[in-house]
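One structure is given here, and the rest of the page talks about it.
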Amino acid sequence: MKATSQQSTARKASTAKKTTTAKKAPARTTTAGKRAAKQTLARSGQAAAVVSLGEFLGTAGTLTIGQRKLLVEQALLMLEQNYVHLPLKAAMHAVNPLQRLRVMRSRMERQTGETMEPEWIFHRQMSSIFHSVRDLHTNYLLPVPFAGKIAFLPFMIEKCYDAAGAEHYLMTRTVTGYSAPQFGAGAEVTHWNGTPIARAVALNGAQFAGSNDAANLARGLESLTLRPLVIQSPPDEDWVTLTYIGLDGSTQELREQWKVTTNLPPMTDLDAISETSASMGLDLDSDEKARAKKVLYIRDVIELEGGQSSAELSAPAAVSGADLPTTMPGVFRAREVVTPYGTFGHLRIFTFSVQNPVAFRDEFARLAAALPQNGLIVDVRDNGGGHIYASEFTLQTLTPRHISPEPVQFISTPLNLRICRRHKDNPSGIDLGPWFDSLDLATETGAAYSAAKPITPEDGANDIGQTYHGPVVLITDARVYSATDIFAAGFADHEIGTILGVDDNTGAGGANVWTHGLLAALLNEPPPPDPTSPYEALPNGANLRVAIRRTLRVGELSGTPVEDVGVQPHATHRMTRADLLDGNVDLLNKAGSLLAAMPHRRLGVSTSLSGTTLTVTLDVDGIDRVDIYLDDRPISSEDLADAPLNIDILEVAPGQLLRADGYQEGALVASRRNRV
């Protein structure tokens with residue numbers, strides 16, 4: 001039922017009241033939250049205004065019955081012919097999205113433009129079918145006016161634990177200028193629309209299912225206050241009623257209206273034929289939310305990036321006084337942290353969603369080199385992934401080991417074979433040749449999947465080698481997904497360091513993801529287009545995404561899928577109140593304790609060239625042997641103590657590459673490369 005104009009006006013006001021008194025205080029009208037959000041968007045270069053959810057939904061509902069049928073047909077095509085995880089999901093979660101789509105199609109045959117259901121029901125049914133496979137790579141993307149919009153409440157809630165292990169849900173951020181009685185960072189939410197908050201989170205998480213329980217709960221909590229409308233159904237309620245313990249300990253109640261505004265643009269056009277779009281491992285929900293959080297809470301970063309996403313600046317800049325300046329302020333945050341166990345580096349990676357993976361890797365290495373060398377905390381919490389190259393190119397900087405990129409597989413279908421045949425010789429910059437022969441042979445052998453080949457070039461994953469030599473701790477959570485799951489898997493598979501999780505698992509999303517637009521383009525490029533292509537243009541800016549190639553582990557877990565399994569941490573830490581309100585202090589102290597207990601080694605290598613004689617000076621700690629190579633040819637193997645050692649190498653020319661590999665009790669523990 002639509003609200004009257006008088007009710008609509010009332011819903012624009014935020015009201016707060018104490019529930020500890022017998023007599024209710026009169027409602028207090030305030031527009032602070034709405035005004036602050038508008039100001040935030042204006043200062044960030046966003047032209048779109050903030051409107052109420054009710055106003056926004058009044059602009060939706062233009063799909064015809066024919067357009068709806070087309071969306072169902074194309075969804076069936078992609079799930080049946082392109083979706084790599086369909087057998088896994090059907091087995092693990094007992095779902096049948098194909099049959100649900102067929103039933104939906106059959107019912108639509110009996111509908112007309114006059115008798116068809118409201119459009120919001122259609123969108124909800126489509127979203128429900130895609131959510132049922134519990135794969136955040138595989139999505140129904142809503143058309144305009146939903147695409148590019150976010151629904152939000154002007155605050156953020158996060159979960160922590162007390163010493164007894166009990167859960168608490170605290171306010172941690174509010175939109176600038178927003179206020180309510182005894183409300184702000186540290187206020188504790190107890191009920192959501194009258195439902196105990198933990199139950200509300202679980203119920204909400206069931207709608208936006210991740211691959212495991214930890215991911216369900218994490219996404220259920222985040223979606224209570226922030227929803228990208230391109231991928232999540234709009235809230236059912238126009239407003240929420242929030243019960244909380246105020247900053248003074250009093251019980252308070254707040255009614256707040258859902259609002260809608262325009263999100264920042266994505267980093268790249270995922271429908272275009274490019275190496276970047278074809279190499280994406282991205283949880284779109286997390287990526288949309290990360291950009292939305294900038295809009296609502298972190299306008300300093302937006303101003304530095306000029307309204308773009310993951311922009312690379314011409315000169316390094318710092319977001320705050322404690323941060324190291326970086327050319328990618330929306331991607332990295334680097335600073336020193338002081339713990340009871342020592343002073344270490346803390347390098348936060350917010351996203352791998354970049355255009356240039358080499359620039360990403362180099363900036364990571366530069367920041368790590370500027371931090372303390374006795375220990376590094378790499379923090380990838382909330383990172384939904386991005387460019388798979390960027391994630392796997394970066395691993396080499398932290399280990400002396402050779403990096404084996406995680407291999408991927410297509411599911412064997414006639415349509416995937418057609419796509420790989422068209423691009424087996426790399427005519428358009430997306431080389432599918434490594435998978436073609438096995439897919440072609442699968443027609444005879446009945447193999448379910450193609451051969452497993454890496455997306456990331458192996459030479460690119462090893463071209464600069466180790467640049468940081470201290471111990472490393474990787475911090476993960478249940479929102480780690482896609483390319484970041486691949487990064488965490490590679491970190492574990494190559495035994496780089498210790499993984500510290502604030503949840504018991506990562507999001508367990510291991511795949512390369514392609515859109516309907518990219519799949520259609522691959523059958524149209526290079527010219528002439530394929531006249532029998534089954535892909536048809538989708539209406540009103542709607543889109544579909546599927547996991548196209550699944551990721552497999554290397555190392556001891558070689559062949560194990562990342563999807564639904566994820567990466568389990570070596571140690572866990574439950575977030576505390578101090579973590580949420582005081583800069584992750586307890587979490588970083590835990591990471592510091594792990595770093596202090598890990599081996600510390602030093603491999604110092606300096607060179608001087610006199611004529612054709614190269615003098616190499618080795619200064620080591622925790623290393624008992626060093627092997628030296630020149631342009632990958634073995635030159636010398638030295639057993640040594642901690643004292644510096646000089647070695648002369650004859651007939652050396654400028655520009656040759658010197659590599660020193662350090663060993664401890666026969667195990668490779670450090671490596672350096674120097675250009676002569």
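All residue names refer to the structure tokens as shown: chains lettered A, B, ... in order, residues numbered from 1 in each chain, ligands numbered from 1 in order.
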
Practice task
Write out as a ChimeraX atom specification the residues lying within 7 Å of A:Leu518, counting only C-alpha atoms and excluding same-chain residues fewer than 4 positions away.
Solution key: /A:270-273,514,522

Problem - Shell around stretch 568-583 of chain A at 6 Å using only C-alpha atoms, local window under 6 positions removed, as a ChimeraX atom specification - result: /A:160-161,499-502,505

Fill in the blank from the handout: Closest of A:Gly281, A:Pro329, A:Gly662, A:Gly497 to A:Glu563, counting only C-alpha atoms, is A:Gly281

Handout entry: Closest of A:Thr225, A:Asn82, A:Asn584, A:Asn589 to A:Ile548 - atom-to-atom distances counting only C-alpha atoms
Key = A:Asn82

Exercise for the section: Check stretch 55-277 of chain A with DSSP on the backbone and list each residue it calls helix (DSSP H, G or I), as a PyMOL selection string. Expected result: chain A and resi 55-57+65-81+86-93+97-108+119-131+197-207+213-222+275-277

Practice task
Pick out the closest residue to A:Thr445 from this set: A:Ser412, A:Ser391, A:Asn212, A:Ser286. Count only C-alpha atoms.
Solution key: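 Smallest separation from A:Thr445 among the options: A:Ser412.
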
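When atom CA of A:Leu217 is paired with atom CA of A:Ala202, their separation reads 5.8 Å.
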
Practice task
Run DSSP on the backbone of this structure and report the residues of stretch 453-641 of chain A it assigns to strand (DSSP E), as a ChimeraX atom specification.
Solution key: /A:453-454,472-476,498-501,511-515,543-551,571-572,602-610,613-621,625-630,633-639

Exercise for the section: With a distance cut-off of 12 Å and only C-alpha atoms, select the neighbouring residues of A:Arg633, excluding the residue or stretch itself and same-chain residues fewer than 5 positions from it, and output the selection as a PyMOL selection string. Expected result: chain A and resi 627-628+656-660
